[in-house]
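Reproduced below: start_12.tsv, with TSV, C-alpha atoms.
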chain	number	residue	atom	x	y	z
A	1	MET	CA	43.37	-44.63	158.69
A	2	THR	CA	45.71	-47.55	158.18
A	3	GLN	CA	49.43	-47.64	158.85
A	4	ALA	CA	50.22	-48.04	155.15
A	5	CYS	CA	48.63	-44.72	154.15
A	6	LYS	CA	50.19	-42.44	156.73
A	7	THR	CA	52.98	-41.29	154.45
A	8	ASP	CA	50.61	-41.14	151.48
A	9	MET	CA	47.77	-39.12	152.94
A	10	ARG	CA	45.62	-36.80	150.87
A	11	ILE	CA	46.13	-33.43	152.53
A	12	LEU	CA	44.40	-30.20	151.56
A	13	VAL	CA	45.78	-26.85	152.70
A	14	THR	CA	43.37	-23.94	152.78
A	15	THR	CA	42.59	-20.59	154.43
A	16	PRO	CA	40.07	-19.29	156.95
A	17	LEU	CA	36.63	-18.43	155.54
A	18	ARG	CA	37.61	-14.77	155.14
A	19	PRO	CA	41.28	-14.95	154.27
A	20	LYS	CA	43.80	-12.16	154.16
A	21	PRO	CA	46.12	-12.02	151.13
A	22	ALA	CA	49.05	-13.20	153.27
A	23	GLN	CA	47.08	-16.27	154.32
A	24	VAL	CA	46.41	-17.20	150.71
A	25	ALA	CA	50.13	-16.98	149.99
A	26	ARG	CA	50.96	-19.01	153.09
A	27	ALA	CA	48.56	-21.79	152.08
A	28	SER	CA	50.40	-22.20	148.78
A	29	GLU	CA	53.80	-22.30	150.49
A	30	MET	CA	52.69	-24.62	153.29
A	31	ALA	CA	51.18	-27.13	150.89
A	32	ALA	CA	54.67	-28.20	149.81
A	33	TRP	CA	55.75	-28.82	153.42
A	34	PHE	CA	52.71	-31.02	154.10
A	35	GLY	CA	53.03	-32.80	150.77
A	36	GLY	CA	49.51	-31.59	150.04
A	37	ILE	CA	47.49	-29.44	147.68
A	38	ALA	CA	46.53	-25.80	148.26
A	39	VAL	CA	42.81	-25.23	147.62
A	40	PRO	CA	40.67	-22.08	147.94
A	41	ARG	CA	38.18	-22.16	150.81
A	42	ARG	CA	35.21	-20.78	148.84
A	43	GLY	CA	32.93	-20.95	151.85
A	44	GLN	CA	33.27	-24.70	152.23
A	45	SER	CA	33.04	-26.22	155.71
A	46	ILE	CA	35.84	-28.32	157.12
A	47	ALA	CA	33.48	-31.30	157.16
A	48	ARG	CA	32.85	-30.87	153.44
A	49	LEU	CA	36.55	-30.65	152.66
A	50	LEU	CA	37.24	-33.76	154.74
A	51	GLU	CA	34.95	-35.71	152.42
A	52	HIS	CA	37.78	-35.46	149.89
A	53	ALA	CA	40.86	-35.61	152.12
A	54	ASP	CA	42.44	-37.43	155.05
A	55	ALA	CA	43.40	-34.11	156.63
A	56	VAL	CA	42.66	-30.43	156.08
A	57	VAL	CA	45.19	-27.80	157.12
A	58	VAL	CA	43.89	-24.29	157.80
A	59	VAL	CA	46.30	-21.35	157.95
A	60	ALA	CA	46.07	-20.09	161.56
A	61	ASP	CA	48.95	-19.34	163.99
A	62	PRO	CA	50.42	-20.85	161.86
A	63	ALA	CA	48.29	-23.92	161.09
A	64	VAL	CA	45.45	-26.01	162.48
A	65	VAL	CA	45.06	-29.55	161.18
A	66	HIS	CA	41.68	-31.27	161.03
A	67	VAL	CA	41.97	-35.04	160.68
A	68	ARG	CA	39.17	-37.19	159.32
A	69	GLY	CA	37.41	-39.11	162.08
A	70	VAL	CA	39.02	-37.14	164.93
A	71	ASP	CA	36.98	-34.70	167.01
A	72	HIS	CA	39.79	-32.40	168.11
A	73	PRO	CA	42.05	-30.45	165.73
A	74	LEU	CA	45.83	-30.67	165.86
A	75	PHE	CA	47.97	-27.57	166.40
A	76	PHE	CA	51.40	-26.61	167.71
A	77	HIS	CA	51.54	-26.85	171.48
A	78	PRO	CA	54.67	-27.34	173.59
A	79	SER	CA	52.84	-29.58	176.08
A	80	MET	CA	55.15	-30.50	179.01
A	81	ALA	CA	58.08	-28.68	177.37
A	82	HIS	CA	56.64	-25.41	178.65
A	83	GLN	CA	56.97	-26.45	182.29
A	84	ARG	CA	60.31	-28.19	181.74
A	85	LEU	CA	61.79	-25.09	180.11
A	86	ARG	CA	60.60	-22.93	182.95
A	87	ARG	CA	62.18	-25.27	185.49
A	88	LEU	CA	65.45	-25.18	183.55
A	89	GLU	CA	65.40	-21.38	183.71
A	90	GLN	CA	65.02	-21.67	187.48
A	91	GLY	CA	68.08	-23.92	187.69
A	92	GLU	CA	66.20	-27.15	188.35
A	93	PRO	CA	67.44	-30.45	186.83
A	94	ASP	CA	65.65	-32.23	184.00
A	95	ARG	CA	65.41	-36.01	184.17
A	96	LEU	CA	66.05	-36.64	180.46
A	97	LEU	CA	68.89	-34.14	180.15
A	98	ALA	CA	70.58	-35.59	183.22
A	99	LEU	CA	70.37	-39.17	181.91
A	100	ALA	CA	71.74	-38.11	178.52
A	101	GLY	CA	74.43	-35.93	180.07
A	102	VAL	CA	73.50	-33.06	177.76
A	103	SER	CA	75.75	-29.98	177.85
A	104	PRO	CA	76.01	-26.75	175.85
A	105	GLY	CA	77.52	-27.41	172.44
A	106	ASP	CA	76.29	-31.01	172.17
A	107	VAL	CA	74.87	-32.56	168.99
A	108	ILE	CA	71.55	-34.30	169.68
A	109	VAL	CA	69.43	-36.41	167.34
A	110	ASP	CA	65.73	-36.67	168.18
A	111	ALA	CA	64.90	-39.55	165.87
A	112	THR	CA	61.14	-39.59	166.53
A	113	LEU	CA	60.34	-35.88	166.65
A	114	GLY	CA	56.56	-35.85	166.92
A	115	LEU	CA	55.50	-32.34	167.89
A	116	GLY	CA	58.98	-31.52	169.13
A	117	THR	CA	58.37	-31.49	172.88
A	118	ASP	CA	61.71	-33.06	173.81
A	119	ALA	CA	63.57	-31.37	170.96
A	120	LEU	CA	62.64	-27.97	172.42
A	121	VAL	CA	64.21	-28.93	175.74
A	122	PHE	CA	67.29	-30.30	173.98
A	123	ALA	CA	67.60	-27.07	171.98
A	124	ALA	CA	67.51	-24.98	175.14
A	125	ALA	CA	70.11	-27.21	176.83
A	126	VAL	CA	72.67	-27.34	174.00
A	127	GLY	CA	72.36	-23.61	173.35
A	128	PRO	CA	73.18	-21.72	170.15
A	129	GLU	CA	76.59	-23.39	169.99
A	130	GLY	CA	75.03	-26.88	169.87
A	131	SER	CA	72.68	-28.49	167.40
A	132	VAL	CA	69.56	-30.63	167.38
A	133	VAL	CA	68.37	-32.74	164.46
A	134	GLY	CA	64.71	-33.75	164.50
A	135	ILE	CA	63.53	-36.59	162.24
A	136	GLU	CA	59.83	-37.05	161.54
A	137	ARG	CA	58.20	-39.46	159.11
A	138	SER	CA	54.63	-38.13	159.33
A	139	PRO	CA	53.94	-35.47	156.68
A	140	VAL	CA	51.37	-33.84	158.95
A	141	LEU	CA	53.69	-33.45	161.94
A	142	TYR	CA	56.65	-32.42	159.80
A	143	GLY	CA	54.57	-29.87	157.90
A	144	LEU	CA	53.17	-28.38	161.09
A	145	LEU	CA	56.61	-27.89	162.64
A	146	ARG	CA	58.01	-26.53	159.37
A	147	ALA	CA	55.22	-23.94	159.39
A	148	VAL	CA	56.05	-22.96	162.97
A	149	GLN	CA	59.69	-22.52	162.02
A	150	ALA	CA	58.74	-20.29	159.11
A	151	TYR	CA	55.95	-18.23	160.64
A	152	GLY	CA	56.33	-18.56	164.40
A	153	SER	CA	53.48	-18.89	166.88
A	154	GLU	CA	51.78	-16.00	168.62
A	155	ALA	CA	50.51	-18.36	171.31
A	156	HIS	CA	53.94	-19.89	172.01
A	157	PRO	CA	56.66	-17.47	170.87
A	158	ARG	CA	59.45	-18.80	173.13
A	159	GLU	CA	58.97	-22.37	172.00
A	160	ALA	CA	58.68	-21.32	168.35
A	161	ALA	CA	62.01	-19.48	168.66
A	162	LEU	CA	63.65	-22.60	170.13
A	163	LEU	CA	62.23	-24.71	167.31
A	164	LYS	CA	64.21	-22.61	164.84
A	165	ARG	CA	67.35	-24.23	166.28
A	166	VAL	CA	66.14	-27.71	165.30
A	167	ALA	CA	67.17	-29.01	161.87
A	168	LEU	CA	64.01	-30.72	160.60
A	169	VAL	CA	64.32	-33.88	158.52
A	170	HIS	CA	61.30	-35.45	156.83
A	171	GLY	CA	61.94	-39.15	156.46
A	172	ASP	CA	62.64	-42.49	158.09
A	173	HIS	CA	65.06	-42.40	161.02
A	174	VAL	CA	66.71	-45.71	160.05
A	175	ASP	CA	67.54	-44.39	156.59
A	176	TRP	CA	68.90	-41.16	158.06
A	177	LEU	CA	71.00	-42.91	160.70
A	178	ARG	CA	72.49	-45.25	158.08
A	179	SER	CA	73.80	-42.22	156.22
A	180	GLN	CA	75.65	-40.76	159.22
A	181	LEU	CA	79.28	-41.21	160.21
A	182	ASP	CA	80.32	-43.23	163.25
A	183	GLN	CA	80.08	-41.27	166.53
A	184	SER	CA	78.92	-38.11	164.75
A	185	ALA	CA	76.36	-37.13	167.41
A	186	ASP	CA	76.57	-37.04	171.19
A	187	VAL	CA	73.13	-38.50	171.90
A	188	VAL	CA	70.45	-40.25	169.84
A	189	TYR	CA	66.96	-40.19	171.36
A	190	PHE	CA	63.84	-42.23	170.52
A	191	ASP	CA	60.32	-41.60	171.80
A	192	PRO	CA	58.23	-43.98	169.64
A	193	MET	CA	54.46	-44.01	169.92
A	194	PHE	CA	53.46	-46.12	172.93
A	195	ARG	CA	51.45	-49.25	172.09
A	196	GLU	CA	48.84	-48.07	174.61
A	197	PRO	CA	48.54	-44.35	175.28
A	198	VAL	CA	49.42	-43.22	178.79
A	199	ARG	CA	46.41	-40.95	178.79
A	200	GLN	CA	43.93	-39.48	176.37
A	201	SER	CA	43.66	-35.70	176.06
A	202	ALA	CA	42.19	-33.23	173.60
A	203	HIS	CA	45.74	-32.29	172.63
A	204	MET	CA	47.12	-35.81	172.16
A	205	GLN	CA	44.06	-37.43	170.57
A	206	PRO	CA	44.66	-36.14	167.02
A	207	ILE	CA	48.36	-37.07	166.98
A	208	ARG	CA	47.98	-40.87	166.99
A	209	PRO	CA	46.03	-41.10	163.68
A	210	VAL	CA	48.77	-39.21	161.82
A	211	ALA	CA	51.87	-40.42	163.70
A	212	TRP	CA	54.04	-43.37	162.67
A	213	GLU	CA	53.28	-46.25	165.04
A	214	ASP	CA	55.87	-48.87	164.06
A	215	PRO	CA	57.76	-50.11	167.15
A	216	LEU	CA	61.42	-49.23	167.47
A	217	SER	CA	63.43	-51.76	165.48
A	218	ARG	CA	66.63	-53.50	166.51
A	219	GLU	CA	68.27	-52.09	163.37
A	220	ALA	CA	67.38	-48.53	164.38
A	221	LEU	CA	68.87	-49.09	167.83
A	222	GLU	CA	72.09	-50.58	166.44
A	223	GLU	CA	72.50	-47.72	163.97
A	224	ALA	CA	71.92	-45.26	166.80
A	225	LYS	CA	74.63	-46.95	168.88
A	226	ARG	CA	77.04	-46.56	165.98
A	227	VAL	CA	76.22	-42.87	165.53
A	228	ALA	CA	76.13	-41.87	169.22
A	229	ARG	CA	79.37	-40.82	170.92
A	230	ARG	CA	77.85	-40.90	174.39
A	231	ALA	CA	74.42	-42.45	174.74
A	232	VAL	CA	71.22	-43.72	173.17
A	233	ILE	CA	68.01	-43.05	175.11
A	234	VAL	CA	64.63	-44.73	174.49
A	235	LYS	CA	61.39	-43.61	176.14
A	236	GLU	CA	58.76	-46.28	176.81
A	237	ARG	CA	56.30	-47.52	179.38
A	238	PRO	CA	58.27	-49.41	182.07
A	239	LYS	CA	56.20	-52.61	181.83
A	240	SER	CA	55.90	-52.71	178.03
A	241	GLY	CA	58.64	-55.32	177.54
A	242	VAL	CA	60.45	-53.07	175.05
A	243	PHE	CA	63.47	-52.46	177.28
A	244	GLU	CA	63.98	-56.16	177.87
A	245	ALA	CA	63.59	-56.94	174.16
A	246	LEU	CA	66.16	-54.31	173.19
A	247	GLY	CA	68.58	-55.04	176.02
A	248	LEU	CA	68.26	-51.60	177.62
A	249	GLU	CA	68.37	-50.71	181.31
A	250	PRO	CA	65.38	-48.55	182.36
A	251	ASP	CA	65.97	-45.69	184.76
A	252	ARG	CA	62.92	-46.77	186.78
A	253	THR	CA	60.46	-49.66	186.89
A	254	THR	CA	57.30	-47.80	187.92
A	255	GLY	CA	55.52	-44.66	186.79
A	256	ARG	CA	53.92	-43.51	183.54
A	257	PHE	CA	57.12	-43.87	181.52
A	258	ALA	CA	60.78	-44.78	181.80
A	259	TYR	CA	63.95	-44.13	179.85
A	260	GLY	CA	66.04	-47.03	178.62
A	261	VAL	CA	69.71	-46.10	178.43
A	262	TRP	CA	72.68	-47.42	176.44
A	263	ARG	CA	76.04	-45.78	177.12
A	264	ARG	CA	79.13	-46.13	175.00
A	265	PRO	CA	81.78	-48.05	176.92
A	266	ARG	CA	84.83	-45.99	177.82
Produce structure tokens that represent the structure in this file.
Amino acid sequence: MTQACKTDMRILVTTPLRPKPAQVARASEMAAWFGGIAVPRRGQSIARLLEHADAVVVVADPAVVHVRGVDHPLFFHPSMAHQRLRRLEQGEPDRLLALAGVSPGDVIVDATLGLGTDALVFAAAVGPEGSVVGIERSPVLYGLLRAVQAYGSEAHPREAALLKRVALVHGDHVDWLRSQLDQSADVVYFDPMFREPVRQSAHMQPIRPVAWEDPLSREALEEAKRVARRAVIVKERPKSGVFEALGLEPDRTTGRFAYGVWRRPR
């Protein structure tokens, strides 16, 4: 799947082989969120449906996405957010929240939402009185999170409830940032797709083919600086050269990843 087609994918939304009436209705509603077409299952295998689509979405807690050419399906999973949220509940510090200086009531922009791992932690930290905006360009990832917001997740109810606090935006983060007022958010956060994955896992493997892989642009960073009252944070591999190219100071120089930080001068 080439970069050019990732926002113009052919996506089919269908039901399990023996659907309940509610699942048929959900498939029709979810198709709009994925920018796809709802189709009846009619006993067809996923492999057969993938002959005619880049991705097939099956209604199931709330959705499972099968991507052409990828062995493992994609579904909502909080990943490391589960452990980070538990540590927060126990009063332990979180590295990202500490760097960003996040407090209850803050306004946070997660400009590269992905599956929402960091946005869930932000949502817990800012509380009901704060707000989190999550921007995602991929129709597959946006549609999946929109489905979780609407229908929840039996496997991850706490994380699904936190996701309801995130205002989802389907689009390009540069376009969205351009439309915002100066210093209208406390923190803007970027976690672009790494050029080389830190590790391969059954959970992460299906994300890369549907995620937007363009590197973070200088324009995006400058717009983020204009919008952020406090800080802009960028996540990257410490030796990638991205921090040096963007003029950001990483919080560490070793390890699997680092955060580059820009703070508004006082």
With 9 Å as the cut-off and all atoms listed in the file counted, what is the closest atom pair between each nearby residue of range 144-242 of chain A and range 111-119 of chain A? Distances in Å to one decimal, ordered by chain and number, as JSON lines.
{"residue": "A:Leu144", "atom": "CA", "partner": "A:Leu115", "partner_atom": "CA", "distance": 8.2}
{"residue": "A:Leu145", "atom": "CA", "partner": "A:Leu115", "partner_atom": "CA", "distance": 7.0}
{"residue": "A:Leu162", "atom": "CA", "partner": "A:Ala119", "partner_atom": "CA", "distance": 8.8}
{"residue": "A:Leu163", "atom": "CA", "partner": "A:Ala119", "partner_atom": "CA", "distance": 7.7}
{"residue": "A:Val166", "atom": "CA", "partner": "A:Ala119", "partner_atom": "CA", "distance": 7.2}
{"residue": "A:Leu168", "atom": "CA", "partner": "A:Leu113", "partner_atom": "CA", "distance": 8.8}
{"residue": "A:Asp172", "atom": "CA", "partner": "A:Ala111", "partner_atom": "CA", "distance": 8.6}
{"residue": "A:His173", "atom": "CA", "partner": "A:Ala111", "partner_atom": "CA", "distance": 5.6}
{"residue": "A:Val174", "atom": "CA", "partner": "A:Ala111", "partner_atom": "CA", "distance": 8.7}
{"residue": "A:Trp176", "atom": "CA", "partner": "A:Ala111", "partner_atom": "CA", "distance": 8.9}
{"residue": "A:Leu177", "atom": "CA", "partner": "A:Ala111", "partner_atom": "CA", "distance": 8.7}
{"residue": "A:Val188", "atom": "CA", "partner": "A:Ala111", "partner_atom": "CA", "distance": 6.9}
{"residue": "A:Tyr189", "atom": "CA", "partner": "A:Ala111", "partner_atom": "CA", "distance": 5.9}
{"residue": "A:Phe190", "atom": "CA", "partner": "A:Ala111", "partner_atom": "CA", "distance": 5.5}
{"residue": "A:Asp191", "atom": "CA", "partner": "A:Thr112", "partner_atom": "CA", "distance": 5.7}
{"residue": "A:Pro192", "atom": "CA", "partner": "A:Thr112", "partner_atom": "CA", "distance": 6.1}
{"residue": "A:Met193", "atom": "CA", "partner": "A:Thr112", "partner_atom": "CA", "distance": 8.7}
{"residue": "A:Ile207", "atom": "CA", "partner": "A:Gly114", "partner_atom": "CA", "distance": 8.3}
{"residue": "A:Ala211", "atom": "CA", "partner": "A:Gly114", "partner_atom": "CA", "distance": 7.3}
{"residue": "A:Trp212", "atom": "CA", "partner": "A:Thr112", "partner_atom": "CA", "distance": 8.9}
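Between CA of Phe75 in chain A and CA of Glu89 in chain A there is a distance of 25.3 Å.
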Once you count all atoms listed in the file, which residues end up no further than 7 Å from (52.4, -18.2, 158.3) in the file's frame, shown as a PyMOL selection string?
chain A and resi 23+26+59+61-62+147+150-151
Gap from CA of Leu246 in chain A to CA of Val169 in chain A - Å, one decimal:
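Answer for the CA of Leu246 in chain A to CA of Val169 in chain A separation: 25.2 Å.
Residues surrounding Leu50 in chain A within 9 Å are Leu12, Val56, His66, Val67 and Arg68 of chain A [all atoms listed in the file; sequence separation below 6 positions excluded].
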Keeping N, CA, C and O atoms, write range 233-263 of chain A of the structure just shown out as a PDB file, in the first residue's frame.
ATOM      1  N   ILE A 233       5.838  19.042  22.478  1.00  0.00           N
ATOM      2  CA  ILE A 233       6.602  17.828  22.753  1.00  0.00           C
ATOM      3  C   ILE A 233       6.580  16.941  21.517  1.00  0.00           C
ATOM      4  O   ILE A 233       5.523  16.722  20.915  1.00  0.00           O
ATOM      5  N   VAL A 234       7.748  16.413  21.127  1.00  0.00           N
ATOM      6  CA  VAL A 234       7.856  15.510  19.984  1.00  0.00           C
ATOM      7  C   VAL A 234       8.520  14.224  20.435  1.00  0.00           C
ATOM      8  O   VAL A 234       9.593  14.252  21.056  1.00  0.00           O
ATOM      9  N   LYS A 235       7.912  13.094  20.133  1.00  0.00           N
ATOM     10  CA  LYS A 235       8.482  11.791  20.472  1.00  0.00           C
ATOM     11  C   LYS A 235       9.215  11.225  19.262  1.00  0.00           C
ATOM     12  O   LYS A 235       8.673  11.209  18.150  1.00  0.00           O
ATOM     13  N   GLU A 236      10.440  10.767  19.471  1.00  0.00           N
ATOM     14  CA  GLU A 236      11.232  10.190  18.382  1.00  0.00           C
ATOM     15  C   GLU A 236      12.308   9.292  18.969  1.00  0.00           C
ATOM     16  O   GLU A 236      12.538   9.277  20.180  1.00  0.00           O
ATOM     17  N   ARG A 237      12.968   8.567  18.102  1.00  0.00           N
ATOM     18  CA  ARG A 237      14.125   7.790  18.531  1.00  0.00           C
ATOM     19  C   ARG A 237      15.274   8.768  18.776  1.00  0.00           C
ATOM     20  O   ARG A 237      15.479   9.716  18.001  1.00  0.00           O
ATOM     21  N   PRO A 238      16.059   8.590  19.835  1.00  0.00           N
ATOM     22  CA  PRO A 238      17.066   9.595  20.206  1.00  0.00           C
ATOM     23  C   PRO A 238      18.151   9.809  19.165  1.00  0.00           C
ATOM     24  O   PRO A 238      18.701  10.902  19.054  1.00  0.00           O
ATOM     25  N   LYS A 239      18.465   8.792  18.371  1.00  0.00           N
ATOM     26  CA  LYS A 239      19.550   8.905  17.391  1.00  0.00           C
ATOM     27  C   LYS A 239      19.028   9.097  15.972  1.00  0.00           C
ATOM     28  O   LYS A 239      19.763   8.923  15.007  1.00  0.00           O
ATOM     29  N   SER A 240      17.775   9.466  15.822  1.00  0.00           N
ATOM     30  CA  SER A 240      17.178   9.571  14.486  1.00  0.00           C
ATOM     31  C   SER A 240      17.634  10.808  13.717  1.00  0.00           C
ATOM     32  O   SER A 240      17.503  10.871  12.499  1.00  0.00           O
ATOM     33  N   GLY A 241      18.124  11.831  14.415  1.00  0.00           N
ATOM     34  CA  GLY A 241      18.489  13.089  13.780  1.00  0.00           C
ATOM     35  C   GLY A 241      17.344  14.083  13.698  1.00  0.00           C
ATOM     36  O   GLY A 241      17.543  15.238  13.300  1.00  0.00           O
ATOM     37  N   VAL A 242      16.140  13.657  14.075  1.00  0.00           N
ATOM     38  CA  VAL A 242      14.961  14.523  13.988  1.00  0.00           C
ATOM     39  C   VAL A 242      15.074  15.695  14.956  1.00  0.00           C
ATOM     40  O   VAL A 242      14.781  16.842  14.603  1.00  0.00           O
ATOM     41  N   PHE A 243      15.503  15.437  16.183  1.00  0.00           N
ATOM     42  CA  PHE A 243      15.598  16.515  17.171  1.00  0.00           C
ATOM     43  C   PHE A 243      16.578  17.595  16.725  1.00  0.00           C
ATOM     44  O   PHE A 243      16.306  18.786  16.852  1.00  0.00           O
ATOM     45  N   GLU A 244      17.710  17.161  16.192  1.00  0.00           N
ATOM     46  CA  GLU A 244      18.698  18.139  15.719  1.00  0.00           C
ATOM     47  C   GLU A 244      18.135  18.939  14.544  1.00  0.00           C
ATOM     48  O   GLU A 244      18.314  20.159  14.470  1.00  0.00           O
ATOM     49  N   ALA A 245      17.445  18.261  13.629  1.00  0.00           N
ATOM     50  CA  ALA A 245      16.905  18.941  12.455  1.00  0.00           C
ATOM     51  C   ALA A 245      15.837  19.971  12.828  1.00  0.00           C
ATOM     52  O   ALA A 245      15.725  21.015  12.188  1.00  0.00           O
ATOM     53  N   LEU A 246      15.083  19.676  13.878  1.00  0.00           N
ATOM     54  CA  LEU A 246      14.001  20.573  14.282  1.00  0.00           C
ATOM     55  C   LEU A 246      14.412  21.552  15.384  1.00  0.00           C
ATOM     56  O   LEU A 246      13.607  22.395  15.790  1.00  0.00           O
ATOM     57  N   GLY A 247      15.636  21.432  15.867  1.00  0.00           N
ATOM     58  CA  GLY A 247      16.105  22.344  16.901  1.00  0.00           C
ATOM     59  C   GLY A 247      15.481  22.101  18.254  1.00  0.00           C
ATOM     60  O   GLY A 247      15.239  23.044  19.014  1.00  0.00           O
ATOM     61  N   LEU A 248      15.228  20.829  18.580  1.00  0.00           N
ATOM     62  CA  LEU A 248      14.609  20.467  19.856  1.00  0.00           C
ATOM     63  C   LEU A 248      15.627  19.792  20.768  1.00  0.00           C
ATOM     64  O   LEU A 248      16.517  19.082  20.302  1.00  0.00           O
ATOM     65  N   GLU A 249      15.450  19.981  22.059  1.00  0.00           N
ATOM     66  CA  GLU A 249      16.339  19.377  23.054  1.00  0.00           C
ATOM     67  C   GLU A 249      15.709  18.088  23.565  1.00  0.00           C
ATOM     68  O   GLU A 249      14.645  18.111  24.184  1.00  0.00           O
ATOM     69  N   PRO A 250      16.345  16.907  23.302  1.00  0.00           N
ATOM     70  CA  PRO A 250      15.762  15.658  23.800  1.00  0.00           C
ATOM     71  C   PRO A 250      15.950  15.509  25.305  1.00  0.00           C
ATOM     72  O   PRO A 250      16.917  16.021  25.879  1.00  0.00           O
ATOM     73  N   ASP A 251      15.017  14.806  25.934  1.00  0.00           N
ATOM     74  CA  ASP A 251      15.123  14.612  27.379  1.00  0.00           C
ATOM     75  C   ASP A 251      16.137  13.542  27.742  1.00  0.00           C
ATOM     76  O   ASP A 251      16.550  13.444  28.895  1.00  0.00           O
ATOM     77  N   ARG A 252      16.541  12.726  26.760  1.00  0.00           N
ATOM     78  CA  ARG A 252      17.609  11.744  26.978  1.00  0.00           C
ATOM     79  C   ARG A 252      18.214  11.376  25.637  1.00  0.00           C
ATOM     80  O   ARG A 252      17.596  11.575  24.591  1.00  0.00           O
ATOM     81  N   THR A 253      19.422  10.818  25.665  1.00  0.00           N
ATOM     82  CA  THR A 253      20.138  10.509  24.426  1.00  0.00           C
ATOM     83  C   THR A 253      20.279   9.014  24.188  1.00  0.00           C
ATOM     84  O   THR A 253      20.867   8.598  23.193  1.00  0.00           O
ATOM     85  N   THR A 254      19.773   8.198  25.092  1.00  0.00           N
ATOM     86  CA  THR A 254      19.795   6.749  24.925  1.00  0.00           C
ATOM     87  C   THR A 254      18.394   6.212  25.205  1.00  0.00           C
ATOM     88  O   THR A 254      17.524   6.926  25.702  1.00  0.00           O
ATOM     89  N   GLY A 255      18.208   4.929  24.906  1.00  0.00           N
ATOM     90  CA  GLY A 255      16.918   4.309  25.152  1.00  0.00           C
ATOM     91  C   GLY A 255      16.127   4.132  23.862  1.00  0.00           C
ATOM     92  O   GLY A 255      16.564   4.515  22.766  1.00  0.00           O
ATOM     93  N   ARG A 256      14.937   3.524  23.983  1.00  0.00           N
ATOM     94  CA  ARG A 256      14.124   3.227  22.803  1.00  0.00           C
ATOM     95  C   ARG A 256      13.537   4.483  22.173  1.00  0.00           C
ATOM     96  O   ARG A 256      13.313   4.537  20.971  1.00  0.00           O
ATOM     97  N   PHE A 257      13.248   5.490  22.998  1.00  0.00           N
ATOM     98  CA  PHE A 257      12.691   6.730  22.457  1.00  0.00           C
ATOM     99  C   PHE A 257      13.030   7.875  23.392  1.00  0.00           C
ATOM    100  O   PHE A 257      13.409   7.683  24.548  1.00  0.00           O
ATOM    101  N   ALA A 258      12.896   9.087  22.858  1.00  0.00           N
ATOM    102  CA  ALA A 258      13.124  10.299  23.644  1.00  0.00           C
ATOM    103  C   ALA A 258      12.040  11.305  23.306  1.00  0.00           C
ATOM    104  O   ALA A 258      11.339  11.176  22.296  1.00  0.00           O
ATOM    105  N   TYR A 259      11.907  12.310  24.155  1.00  0.00           N
ATOM    106  CA  TYR A 259      10.983  13.408  23.900  1.00  0.00           C
ATOM    107  C   TYR A 259      11.787  14.688  23.652  1.00  0.00           C
ATOM    108  O   TYR A 259      12.634  15.069  24.474  1.00  0.00           O
ATOM    109  N   GLY A 260      11.532  15.305  22.506  1.00  0.00           N
ATOM    110  CA  GLY A 260      12.111  16.613  22.233  1.00  0.00           C
ATOM    111  C   GLY A 260      11.164  17.686  22.727  1.00  0.00           C
ATOM    112  O   GLY A 260       9.952  17.618  22.494  1.00  0.00           O
ATOM    113  N   VAL A 261      11.699  18.690  23.420  1.00  0.00           N
ATOM    114  CA  VAL A 261      10.854  19.651  24.115  1.00  0.00           C
ATOM    115  C   VAL A 261      11.155  21.076  23.660  1.00  0.00           C
ATOM    116  O   VAL A 261      12.317  21.489  23.595  1.00  0.00           O
ATOM    117  N   TRP A 262      10.112  21.828  23.340  1.00  0.00           N
ATOM    118  CA  TRP A 262      10.185  23.279  23.161  1.00  0.00           C
ATOM    119  C   TRP A 262       9.286  23.899  24.197  1.00  0.00           C
ATOM    120  O   TRP A 262       8.123  23.493  24.361  1.00  0.00           O
ATOM    121  N   ARG A 263       9.809  24.893  24.923  1.00  0.00           N
ATOM    122  CA  ARG A 263       9.004  25.578  25.936  1.00  0.00           C
ATOM    123  C   ARG A 263       8.899  27.058  25.563  1.00  0.00           C
ATOM    124  O   ARG A 263       9.879  27.671  25.141  1.00  0.00           O
TER     125      ARG A 263
END
